[in-house]
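Asks: This is the content of entry.cif (mmCIF, C-alpha atoms):
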```cif
data_coords
loop_
_atom_site.label_atom_id
_atom_site.label_comp_id
_atom_site.auth_asym_id
_atom_site.auth_seq_id
_atom_site.Cartn_x
_atom_site.Cartn_y
_atom_site.Cartn_z
CA MET A 1 67.78 -50.11 -18.66
CA ASP A 2 70.07 -47.13 -18.98
CA HIS A 3 68.95 -43.55 -18.53
CA ASP A 4 68.80 -42.57 -22.21
CA SER A 5 66.66 -45.47 -23.42
CA ALA A 6 64.31 -45.07 -20.46
CA LYS A 7 63.96 -41.42 -21.42
CA LEU A 8 63.12 -42.25 -25.03
CA ILE A 9 60.49 -44.79 -23.97
CA ALA A 10 59.00 -42.25 -21.58
CA VAL A 11 58.78 -39.71 -24.43
CA ALA A 12 57.05 -42.29 -26.63
CA ILE A 13 54.54 -43.01 -23.86
CA ALA A 14 54.00 -39.30 -23.27
CA VAL A 15 52.71 -38.73 -26.82
CA LEU A 16 50.17 -41.59 -26.60
CA PRO A 17 47.31 -39.13 -25.80
CA LEU A 18 47.47 -38.24 -29.51
CA LEU A 19 45.33 -41.37 -29.97
CA GLY A 20 42.50 -39.78 -28.03
CA VAL A 21 43.00 -36.42 -29.72
CA GLY A 22 42.79 -38.10 -33.13
CA ILE A 23 39.53 -39.83 -32.20
CA GLY A 24 38.20 -36.58 -30.79
CA LEU A 25 39.06 -34.58 -33.91
CA GLY A 26 37.50 -37.29 -36.07
CA HIS A 27 34.26 -37.08 -34.09
CA LEU A 28 34.36 -33.28 -34.20
CA PHE A 29 34.75 -33.02 -37.96
CA ALA A 30 32.26 -35.84 -38.60
CA ALA A 31 29.66 -34.02 -36.52
CA TRP A 32 30.55 -30.73 -38.20
CA ILE A 33 30.10 -32.09 -41.73
CA GLY A 34 26.91 -33.87 -40.67
CA ALA A 35 25.48 -30.69 -39.19
CA VAL A 36 26.36 -28.56 -42.22
CA GLY A 37 24.90 -31.23 -44.50
CA ARG A 38 21.61 -31.25 -42.62
CA ASN A 39 21.36 -27.50 -42.17
CA PRO A 40 23.47 -25.55 -44.69
CA GLU A 41 22.10 -22.19 -43.47
CA ALA A 42 23.84 -22.72 -40.13
CA ALA A 43 27.24 -23.07 -41.80
CA PRO A 44 28.68 -19.62 -40.81
CA THR A 45 27.90 -20.14 -37.10
CA LEU A 46 29.09 -23.73 -37.20
CA ARG A 47 32.34 -22.72 -38.91
CA SER A 48 33.50 -20.44 -36.11
CA LEU A 49 32.32 -22.91 -33.46
CA GLY A 50 34.07 -25.74 -35.28
CA PHE A 51 37.35 -23.85 -35.43
CA LEU A 52 37.06 -23.01 -31.74
CA PHE A 53 36.52 -26.63 -30.74
CA PHE A 54 39.18 -27.80 -33.20
CA ALA A 55 41.75 -25.56 -31.51
CA LEU A 56 40.63 -26.63 -28.03
CA THR A 57 40.92 -30.32 -28.92
CA GLU A 58 44.20 -29.87 -30.73
CA ALA A 59 45.64 -28.13 -27.67
CA ILE A 60 45.33 -31.39 -25.69
CA GLY A 61 47.67 -33.08 -28.15
CA LEU A 62 50.08 -30.18 -27.74
CA PHE A 63 50.00 -30.55 -23.95
CA ALA A 64 51.30 -34.09 -24.54
CA LEU A 65 53.96 -32.66 -26.83
CA VAL A 66 55.08 -30.23 -24.13
CA ILE A 67 55.35 -33.08 -21.60
CA ALA A 68 57.40 -35.04 -24.15
CA PHE A 69 59.72 -32.07 -24.70
CA MET A 70 60.10 -31.63 -20.96
CA ILE A 71 61.12 -35.27 -20.52
CA LEU A 72 63.44 -35.06 -23.50
CA PHE A 73 65.26 -31.83 -22.68
CA VAL A 74 64.91 -31.28 -18.93
CA PHE A 75 65.80 -34.66 -17.41
CA MET B 1 71.96 -29.72 -37.53
CA GLU B 2 71.31 -27.57 -34.51
CA SER B 3 68.52 -28.42 -32.12
CA PRO B 4 65.02 -27.44 -33.27
CA LEU B 5 64.64 -25.59 -29.99
CA ALA B 6 67.69 -23.39 -30.56
CA GLN B 7 65.50 -20.84 -32.39
CA PHE B 8 63.72 -20.04 -29.14
CA ALA B 9 66.90 -19.05 -27.29
CA ILE B 10 66.74 -15.63 -25.67
CA HIS B 11 69.95 -13.62 -25.74
CA PRO B 12 70.48 -10.07 -24.52
CA LEU B 13 71.09 -7.40 -27.15
CA PHE B 14 72.41 -4.89 -24.63
CA HIS B 15 72.60 -5.00 -20.87
CA LEU B 16 70.71 -2.69 -18.58
CA PRO B 17 71.91 -3.23 -14.99
CA MET B 18 69.39 -1.87 -12.53
CA ALA B 19 69.24 -2.38 -8.75
CA GLY B 20 71.37 -5.52 -8.85
CA TYR B 21 69.39 -7.14 -11.66
CA ASP B 22 70.17 -7.23 -15.35
CA LEU B 23 67.08 -5.91 -17.11
CA ALA B 24 68.60 -6.72 -20.48
CA PHE B 25 66.94 -5.69 -23.72
CA THR B 26 66.67 -9.12 -25.37
CA ASN B 27 65.71 -10.33 -28.83
CA SER B 28 62.32 -11.13 -27.27
CA SER B 29 61.91 -7.51 -26.19
CA LEU B 30 62.92 -6.37 -29.68
CA ALA B 31 60.33 -8.67 -31.27
CA MET B 32 57.67 -7.34 -28.88
CA LEU B 33 58.62 -3.77 -29.65
CA LEU B 34 58.49 -4.36 -33.41
CA ALA B 35 55.12 -6.13 -33.16
CA PHE B 36 53.83 -3.25 -31.06
CA LEU B 37 55.07 -0.72 -33.61
CA ALA B 38 53.44 -2.73 -36.42
CA THR B 39 50.14 -2.66 -34.49
CA VAL B 40 50.40 1.08 -33.92
CA VAL B 41 51.25 1.74 -37.58
CA VAL B 42 48.33 -0.37 -38.85
CA PHE B 43 45.82 1.36 -36.58
CA MET B 44 47.23 4.90 -36.84
CA VAL B 45 47.69 4.92 -40.60
CA GLY B 46 44.50 2.94 -41.12
CA THR B 47 42.29 5.37 -39.23
CA ARG B 48 44.12 8.64 -40.01
CA LYS B 49 42.18 9.47 -43.14
CA ALA B 50 38.96 7.70 -42.25
CA ALA B 51 36.67 7.52 -45.28
CA VAL B 52 33.12 6.25 -45.61
CA VAL B 53 34.34 3.73 -48.17
CA PRO B 54 37.39 2.30 -46.39
CA GLY B 55 40.70 1.74 -48.12
CA THR B 56 42.72 -1.46 -47.66
CA LEU B 57 44.43 -0.58 -44.39
CA GLN B 58 41.35 1.12 -42.98
CA SER B 59 39.22 -1.94 -43.61
CA VAL B 60 41.88 -4.13 -41.93
CA ALA B 61 41.82 -1.89 -38.85
CA GLU B 62 38.03 -1.64 -38.87
CA SER B 63 37.41 -5.35 -39.31
CA ILE B 64 39.80 -6.23 -36.45
CA TYR B 65 38.00 -3.69 -34.25
CA GLN B 66 34.57 -4.93 -35.24
CA PHE B 67 35.60 -8.56 -34.81
CA VAL B 68 36.73 -7.99 -31.23
CA GLU B 69 33.68 -5.84 -30.49
CA THR B 70 31.30 -8.60 -31.62
CA MET B 71 33.31 -11.16 -29.66
CA VAL B 72 33.11 -9.13 -26.43
CA GLU B 73 29.42 -8.36 -26.97
CA ASP B 74 28.55 -12.02 -27.63
CA ASN B 75 30.63 -13.60 -24.90
CA ILE B 76 30.72 -11.19 -21.97
CA GLY B 77 27.44 -9.46 -22.66
CA HIS B 78 26.57 -5.81 -22.36
CA GLY B 79 28.12 -5.53 -18.89
CA GLY B 80 31.49 -6.32 -20.39
CA ARG B 81 32.03 -3.06 -22.30
CA HIS B 82 34.71 -2.11 -19.76
CA PHE B 83 36.78 -5.12 -20.74
CA PHE B 84 36.81 -4.28 -24.46
CA PRO B 85 40.16 -2.37 -24.40
CA LEU B 86 41.81 -5.23 -22.52
CA ILE B 87 40.50 -7.92 -24.87
CA PHE B 88 41.43 -5.77 -27.87
CA ALA B 89 44.97 -5.30 -26.53
CA ILE B 90 45.36 -9.02 -25.80
CA PHE B 91 44.01 -9.98 -29.22
CA THR B 92 46.19 -7.59 -31.21
CA MET B 93 49.30 -8.37 -29.19
CA VAL B 94 48.94 -12.14 -29.62
CA LEU B 95 47.86 -11.83 -33.27
CA PHE B 96 50.70 -9.54 -34.32
CA GLY B 97 53.20 -11.50 -32.23
CA ASN B 98 52.18 -14.78 -33.86
CA ILE B 99 52.20 -13.41 -37.40
CA PHE B 100 55.41 -11.47 -36.82
CA GLY B 101 57.09 -14.67 -35.66
CA LEU B 102 56.13 -16.45 -38.89
CA ILE B 103 58.41 -14.20 -40.95
CA PRO B 104 61.62 -16.25 -41.35
CA THR B 105 64.51 -15.36 -39.00
CA ASN B 106 62.12 -13.45 -36.73
CA PHE B 107 61.71 -14.30 -33.09
CA THR B 108 58.28 -15.49 -31.85
CA PHE B 109 57.75 -14.04 -28.41
CA THR B 110 54.44 -15.89 -27.94
CA SER B 111 56.38 -19.17 -28.00
CA HIS B 112 57.55 -18.46 -24.45
CA ILE B 113 55.39 -19.49 -21.54
CA VAL B 114 56.62 -16.52 -19.54
CA VAL B 115 54.88 -14.16 -22.01
CA THR B 116 51.65 -16.14 -22.40
CA GLY B 117 51.64 -17.01 -18.70
CA ALA B 118 51.89 -13.36 -17.72
CA ILE B 119 48.86 -12.43 -19.86
CA ALA B 120 46.88 -15.45 -18.66
CA LEU B 121 47.67 -14.76 -14.99
CA PHE B 122 46.61 -11.15 -15.45
CA VAL B 123 43.25 -12.25 -16.85
CA PHE B 124 42.90 -14.80 -14.03
CA CYS B 125 43.58 -12.22 -11.32
CA LEU B 126 41.28 -9.72 -13.03
CA VAL B 127 38.41 -12.25 -12.96
CA ILE B 128 38.78 -12.60 -9.19
CA VAL B 129 39.28 -8.89 -8.48
CA ALA B 130 36.52 -7.67 -10.81
CA GLY B 131 34.20 -10.47 -9.69
CA VAL B 132 34.56 -9.63 -6.01
CA ALA B 133 34.40 -5.88 -6.70
CA ARG B 134 31.17 -6.17 -8.69
CA ASN B 135 29.33 -8.91 -6.82
CA GLY B 136 30.94 -8.93 -3.37
CA LEU B 137 31.26 -12.28 -1.63
CA HIS B 138 28.26 -13.49 -3.60
CA TRP B 139 30.71 -13.96 -6.47
CA PHE B 140 32.02 -17.16 -4.86
CA SER B 141 28.75 -18.86 -5.76
CA ILE B 142 30.22 -19.52 -9.22
CA PHE B 143 31.92 -22.48 -7.56
CA MET B 144 28.50 -23.90 -6.74
CA PRO B 145 26.84 -25.19 -9.91
CA SER B 146 23.10 -24.70 -9.88
CA GLY B 147 20.65 -27.51 -10.45
CA VAL B 148 22.67 -30.43 -9.13
CA PRO B 149 21.39 -32.85 -6.44
CA ALA B 150 22.42 -31.96 -2.88
CA TYR B 151 24.41 -35.13 -2.25
CA ILE B 152 26.76 -34.44 -5.17
CA ILE B 153 27.61 -30.86 -4.11
CA PRO B 154 30.59 -31.82 -1.84
CA LEU B 155 32.11 -33.47 -4.91
CA MET B 156 31.27 -30.68 -7.35
CA ILE B 157 32.74 -27.75 -5.42
CA PRO B 158 36.34 -29.08 -5.32
CA ILE B 159 36.07 -29.98 -9.02
CA GLU B 160 34.86 -26.48 -9.86
CA ILE B 161 37.67 -24.92 -7.80
CA ILE B 162 40.33 -27.08 -9.45
CA SER B 163 38.97 -26.33 -12.91
CA PHE B 164 38.95 -22.62 -12.06
CA LEU B 165 42.56 -22.75 -10.84
CA SER B 166 43.75 -24.64 -13.92
CA ARG B 167 42.41 -21.95 -16.29
CA PRO B 168 45.55 -19.78 -16.53
CA LEU B 169 47.64 -22.91 -17.05
CA SER B 170 45.56 -24.24 -19.93
CA LEU B 171 45.19 -20.76 -21.45
CA SER B 172 48.93 -20.07 -21.48
CA VAL B 173 50.11 -23.58 -22.36
CA ARG B 174 47.69 -23.76 -25.31
CA LEU B 175 49.14 -20.71 -27.02
CA PHE B 176 52.78 -21.38 -26.19
CA ALA B 177 52.60 -25.06 -27.17
CA ASN B 178 50.92 -24.25 -30.48
CA MET B 179 53.59 -21.74 -31.39
CA LEU B 180 56.41 -24.00 -30.19
CA ALA B 181 55.13 -27.06 -32.05
CA GLY B 182 54.54 -25.13 -35.28
CA HIS B 183 58.00 -23.62 -35.35
CA VAL B 184 59.65 -26.93 -34.42
CA ILE B 185 57.86 -28.63 -37.35
CA LEU B 186 58.98 -25.88 -39.74
CA HIS B 187 62.55 -26.25 -38.48
CA VAL B 188 62.53 -30.05 -38.81
CA PHE B 189 61.30 -29.95 -42.42
CA ALA B 190 63.78 -27.22 -43.31
CA GLY B 191 66.44 -29.45 -41.76
CA PHE B 192 65.39 -32.30 -44.10
CA CYS B 193 66.14 -30.10 -47.12
CA VAL B 194 69.64 -29.35 -45.83
CA LEU B 195 70.27 -33.01 -44.96
CA LEU B 196 69.15 -34.27 -48.40
CA ALA B 197 71.20 -31.70 -50.31
CA GLY B 198 74.22 -32.40 -48.11
CA LEU B 199 74.02 -36.20 -48.40
CA LEU B 200 73.09 -36.69 -52.06
CA GLY B 201 74.44 -33.60 -53.82
CA GLY B 202 72.66 -32.46 -57.02
CA PHE B 203 70.02 -35.23 -56.92
CA GLY B 204 69.42 -34.38 -53.25
CA ILE B 205 68.68 -30.77 -54.14
CA ILE B 206 65.90 -31.92 -56.50
CA LEU B 207 64.62 -34.35 -53.83
CA SER B 208 64.68 -31.59 -51.22
CA LEU B 209 61.92 -29.78 -53.13
CA LEU B 210 59.61 -32.34 -51.50
CA PRO B 211 60.19 -31.29 -47.84
CA LEU B 212 60.34 -27.68 -49.05
CA SER B 213 56.83 -27.88 -50.50
CA VAL B 214 55.63 -29.51 -47.28
CA ASN B 215 57.16 -26.57 -45.46
CA VAL B 216 55.32 -24.08 -47.67
CA ALA B 217 52.05 -25.90 -46.95
CA PHE B 218 52.83 -25.87 -43.22
CA MET B 219 53.47 -22.14 -43.46
CA GLY B 220 49.87 -21.72 -44.63
CA LEU B 221 48.64 -23.91 -41.77
CA GLU B 222 50.74 -21.93 -39.31
CA LEU B 223 49.21 -18.68 -40.57
CA LEU B 224 45.78 -20.18 -39.85
CA VAL B 225 46.96 -21.38 -36.43
CA ALA B 226 48.47 -17.95 -35.65
CA CYS B 227 45.14 -16.19 -36.26
CA LEU B 228 43.13 -19.01 -34.67
CA GLN B 229 45.18 -19.04 -31.48
CA ALA B 230 44.88 -15.28 -31.08
CA TYR B 231 41.11 -15.72 -31.49
CA ILE B 232 41.06 -18.62 -29.00
CA PHE B 233 43.13 -16.70 -26.46
CA ALA B 234 40.85 -13.66 -26.70
CA ILE B 235 37.59 -15.63 -26.67
CA MET B 236 38.67 -17.77 -23.70
CA SER B 237 39.60 -14.56 -21.84
CA CYS B 238 36.09 -13.28 -22.65
CA ILE B 239 34.49 -16.49 -21.39
CA TYR B 240 36.51 -16.31 -18.17
CA LEU B 241 35.73 -12.63 -17.67
CA ARG B 242 32.04 -13.41 -18.06
CA ASP B 243 32.23 -15.13 -14.67
CA ALA B 244 33.18 -11.78 -13.16
CA VAL B 245 30.29 -9.91 -14.78
CA ASP B 246 27.28 -12.12 -14.23
CA VAL B 247 27.38 -14.84 -11.64
CA HIS B 248 24.31 -16.73 -12.81
CA HIS B 249 24.23 -17.56 -16.47
#
```
The structure given in the file should be rewritten as C-alpha cells.
Replies:
Amino acid sequence: MDHDSAKLIAVAIAVLPLLGVGIGLGHLFAAWIGAVGRNPEAAPTLRSLGFLFFALTEAIGLFALVIAFMILFVF
Amino acid sequence: MESPLAQFAIHPLFHLPMAGYDLAFTNSSLAMLLAFLATVVVFMVGTRKAAVVPGTLQSVAESIYQFVETMVEDNIGHGGRHFFPLIFAIFTMVLFGNIFGLIPTNFTFTSHIVVTGAIALFVFCLVIVAGVARNGLHWFSIFMPSGVPAYIIPLMIPIEIISFLSRPLSLSVRLFANMLAGHVILHVFAGFCVLLAGLLGGFGIILSLLPLSVNVAFMGLELLVACLQAYIFAIMSCIYLRDAVDVHH
C-alpha cells in the first residue's frame, strides 16, 4: 500500500469515534427530553446543564477530527 | 479551490525585530486587538450613562456581568470572589473572539491552539499556585478521592493525577477544535457554491442556493457554538479553580 492511500485509510479510522459520540448525544438528548417531560418546572436548570453536557460530548468528536486533520496535513 | 485550512494562516502585517526575534504584529494580533476594543467599547459605552432602566447596550453589559457573576458564585463558591475578574476576562475574550471571527473575512484567533493553550495553561498553573498558597501541602489531597476502599487507592491516585494533568489539554483542544471545525465546514459549503456555479453555469447558480442556505443555517449554529464554547471554557475554568479554593467538596 502506498503512502497516500494508507494515510486516507488512517484518516477514515481516526473519525470512527464519531459512532460513540453519536450514541452518547442520542442518550443525552433522550434523557433530557424525558426529564423535561416528567418535570417541566426543572426545564431552565436542565437546559443549561444539557447544553453543557452537549458541548462536552461534542468535543470528543472534535478531538477525533483534530487527529484526522493531523494525519492528513502533518504526515 | 484553496485548502479549507488556508483561512487560518497567520501572516505578519509589519515586522518588529526585537532582541534577535521577530515579534511581528500579525493578523492574529490585529484580530485580538479589534476584539479587545469591541469589548472595551461595549462595556465603556454601556455603563457610561448607567440608568435604572437599562438601555440596549447597558443591558448587554449588565447581563454579561451578571451571567459571569452567577457562574462564579455557583461553581467556585463564595471563596472564589477573587477569581471573578479572571473568569470575566477569559469569558469576554473568548466570547468576543469567537463572535468576531464569525464575521466573514475576519480572522478567528481562538481557532489557534497557541491562544487557547496559553489561557488553559494559565488557569492550570493558577490552580496549583493558588491551591498550594491557600491550603499548603494539604492541597495535594485532591488527588486522593474520599470514600473509596483502601485496596483501590494505589490505582485511583495515578488516574486522578493523569486526569488532572490532561485538563489544560482538553480545555484548549475543545475550544480550538470547535472553532476550527466550524470554520472548515463553512468554507467547504461556500466552496460547493463556487464549484456548482463554475461547472454548470446559470443552472449551477440556481443550484448553488442549496449549499448557500445550508451555510446560512450553519452560521446560526456557529453563533450558538461561539457563545456555548465561551460559556464552557469559563465554566470549566471555574470548576478547575474550585479545586484550589476548597479541597473537600
Asks: Can you work out which residues from chain A touch chain B at a cut-off of 7 Å (counting all atoms listed in the file) and hand them back as a PyMOL selection string?
Replies: chain A and resi 52+59+62-63+66
Asks: Excluding Leu13 of chain B and residues on its chain fewer than 2 positions from it, collect all residues at most 9 Å away from it, counting all atoms listed in the file, and give them as a PDB file with C-alpha atoms, keeping the file's coordinate frame.
Replies:
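The result, written out as around03.pdb:
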```pdb
ATOM      1  CA  HIS B  11      69.950 -13.620 -25.740  1.00  0.00           C
ATOM      2  CA  HIS B  15      72.600  -5.000 -20.870  1.00  0.00           C
ATOM      3  CA  ALA B  24      68.600  -6.720 -20.480  1.00  0.00           C
ATOM      4  CA  PHE B  25      66.940  -5.690 -23.720  1.00  0.00           C
ATOM      5  CA  THR B  26      66.670  -9.120 -25.370  1.00  0.00           C
ATOM      6  CA  ASN B  27      65.710 -10.330 -28.830  1.00  0.00           C
ATOM      7  CA  LEU B  30      62.920  -6.370 -29.680  1.00  0.00           C
TER       8      LEU B  30
END
```
Asks: I'd like to know which of B:Val129, B:Leu195, B:Ile76, B:Ala226 is closest to Ile239 of chain B, using only C-alpha atoms.
Replies: B:Ile76
Asks: Rounded to one decimal place, report the atom CA of Leu34 of chain B-atom CA of Val114 of chain B distance in Å.
Replies: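 Separation of atom CA of Leu34 of chain B and atom CA of Val114 of chain B: 18.5 Å.
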Asks: Give the answer as one residue: which of B:Gly202, B:Pro12, B:Pro54, B:Pro168 has the shortest atom-to-atom distance to Phe124 of chain B, using only C-alpha atoms?
Replies: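 For Phe124 of chain B, the nearest of the given residues is B:Pro168.
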Asks: Using the chain letters and numbers from this file, what does the PyMOL selection byres ((chain A and resi 24-31) around 9) select? Give the answer as a list in words.
Replies: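 So the PyMOL selection byres ((chain A and resi 24-31) around 9) ends up selecting Leu19, Gly20, Val21, Gly22, Ile23, Trp32, Ile33, Gly34, Ala35, Val36, Gly50, Phe53, Phe54, Thr57 and Glu58 of chain A.
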Asks: Quick one: distance from atom CA of Thr70 of chain B to atom CA of Ala230 of chain B in Å, one decimal?
Replies: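 Distance between the two atoms: 15.1 Å.
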Asks: First collect every listed atom of segment 212-218 of chain B; then fit an axis-aligned box around them, widen it by 3 Å on each side, and give centre and edge lengths in Å to one decimal, as AutoDock Vina command-line options.
Replies:
```
--center_x 56.2 --center_y -26.8 --center_z -46.9 --size_x 14.3 --size_y 11.4 --size_z 13.3
```
Asks: Would you list the contacts of Ile13 of chain A as a list in words, taking every protein, DNA or RNA residue within 12 Å and counting all atoms listed in the file, but skipping same-chain residues closer than 4 positions in sequence?
Replies: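 Listing them by chain and then by number gives Ala6, Lys7, Leu8, Ile9, Pro17, Leu18, Leu19, Ala64, Leu65, Ile67, Ala68, Ile71 and Leu72 of chain A.
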Asks: Just give me the gap between atom CA of Ser213 of chain B and atom CA of Phe192 of chain B in Å, one decimal is fine.
Replies: 11.6 Å
Asks: Evaluate the PyMOL selection byres ((chain B and resi 222) around 10) and record the selected residues as a list in words, following the chain and residue labels used in the document.
Replies: Asn98, Ile99, Leu102, Asn178, Met179, Ala181, Gly182, His183, Ile185, Leu186, Val216, Ala217, Phe218, Met219, Gly220, Leu221, Leu223, Leu224, Val225, Ala226, Cys227 and Leu228 of chain B
Asks: Evaluating the PyMOL selection byres ((chain B and resi 8) around 9) on the displayed file yields which residues, as a PyMOL selection string?
Replies: chain B and resi 4-7+9-10+107-109+111-112+180
Asks: Do you know which residues are at most 12 Å from segment 241-247 of chain B counting only C-alpha atoms, after dropping those on the same chain fewer than 6 positions away, and could you put them as a PDB file with C-alpha atoms, keeping the file's coordinate frame?
Replies:
```pdb
ATOM      1  CA  MET B  71      33.310 -11.160 -29.660  1.00  0.00           C
ATOM      2  CA  VAL B  72      33.110  -9.130 -26.430  1.00  0.00           C
ATOM      3  CA  GLU B  73      29.420  -8.360 -26.970  1.00  0.00           C
ATOM      4  CA  ASP B  74      28.550 -12.020 -27.630  1.00  0.00           C
ATOM      5  CA  ASN B  75      30.630 -13.600 -24.900  1.00  0.00           C
ATOM      6  CA  ILE B  76      30.720 -11.190 -21.970  1.00  0.00           C
ATOM      7  CA  GLY B  77      27.440  -9.460 -22.660  1.00  0.00           C
ATOM      8  CA  HIS B  78      26.570  -5.810 -22.360  1.00  0.00           C
ATOM      9  CA  GLY B  79      28.120  -5.530 -18.890  1.00  0.00           C
ATOM     10  CA  GLY B  80      31.490  -6.320 -20.390  1.00  0.00           C
ATOM     11  CA  ARG B  81      32.030  -3.060 -22.300  1.00  0.00           C
ATOM     12  CA  HIS B  82      34.710  -2.110 -19.760  1.00  0.00           C
ATOM     13  CA  PHE B  83      36.780  -5.120 -20.740  1.00  0.00           C
ATOM     14  CA  PHE B  84      36.810  -4.280 -24.460  1.00  0.00           C
ATOM     15  CA  LEU B  86      41.810  -5.230 -22.520  1.00  0.00           C
ATOM     16  CA  ILE B  87      40.500  -7.920 -24.870  1.00  0.00           C
ATOM     17  CA  ALA B 120      46.880 -15.450 -18.660  1.00  0.00           C
ATOM     18  CA  PHE B 122      46.610 -11.150 -15.450  1.00  0.00           C
ATOM     19  CA  VAL B 123      43.250 -12.250 -16.850  1.00  0.00           C
ATOM     20  CA  PHE B 124      42.900 -14.800 -14.030  1.00  0.00           C
ATOM     21  CA  CYS B 125      43.580 -12.220 -11.320  1.00  0.00           C
ATOM     22  CA  LEU B 126      41.280  -9.720 -13.030  1.00  0.00           C
ATOM     23  CA  VAL B 127      38.410 -12.250 -12.960  1.00  0.00           C
ATOM     24  CA  ILE B 128      38.780 -12.600  -9.190  1.00  0.00           C
ATOM     25  CA  VAL B 129      39.280  -8.890  -8.480  1.00  0.00           C
ATOM     26  CA  ALA B 130      36.520  -7.670 -10.810  1.00  0.00           C
ATOM     27  CA  GLY B 131      34.200 -10.470  -9.690  1.00  0.00           C
ATOM     28  CA  VAL B 132      34.560  -9.630  -6.010  1.00  0.00           C
ATOM     29  CA  ALA B 133      34.400  -5.880  -6.700  1.00  0.00           C
ATOM     30  CA  ARG B 134      31.170  -6.170  -8.690  1.00  0.00           C
ATOM     31  CA  ASN B 135      29.330  -8.910  -6.820  1.00  0.00           C
ATOM     32  CA  GLY B 136      30.940  -8.930  -3.370  1.00  0.00           C
ATOM     33  CA  LEU B 137      31.260 -12.280  -1.630  1.00  0.00           C
ATOM     34  CA  HIS B 138      28.260 -13.490  -3.600  1.00  0.00           C
ATOM     35  CA  TRP B 139      30.710 -13.960  -6.470  1.00  0.00           C
ATOM     36  CA  PHE B 140      32.020 -17.160  -4.860  1.00  0.00           C
ATOM     37  CA  SER B 141      28.750 -18.860  -5.760  1.00  0.00           C
ATOM     38  CA  ILE B 142      30.220 -19.520  -9.220  1.00  0.00           C
ATOM     39  CA  PHE B 143      31.920 -22.480  -7.560  1.00  0.00           C
ATOM     40  CA  MET B 144      28.500 -23.900  -6.740  1.00  0.00           C
ATOM     41  CA  PRO B 145      26.840 -25.190  -9.910  1.00  0.00           C
ATOM     42  CA  SER B 146      23.100 -24.700  -9.880  1.00  0.00           C
ATOM     43  CA  PHE B 164      38.950 -22.620 -12.060  1.00  0.00           C
ATOM     44  CA  ARG B 167      42.410 -21.950 -16.290  1.00  0.00           C
ATOM     45  CA  ALA B 234      40.850 -13.660 -26.700  1.00  0.00           C
ATOM     46  CA  ILE B 235      37.590 -15.630 -26.670  1.00  0.00           C
TER      47      ILE B 235
END
```
Asks: From the options B:Ser3, B:Ser59, B:Pro85, B:Thr110, which residue's atoms come nearest to Ser29 of chain B, counting only C-alpha atoms?
Replies: B:Thr110
Asks: Using only C-alpha atoms, pick whichever of B:Thr56, B:Ser208, B:Ser172, B:Thr92 has the shortest atom-to-atom distance to Thr39 of chain B.
Replies: B:Thr92
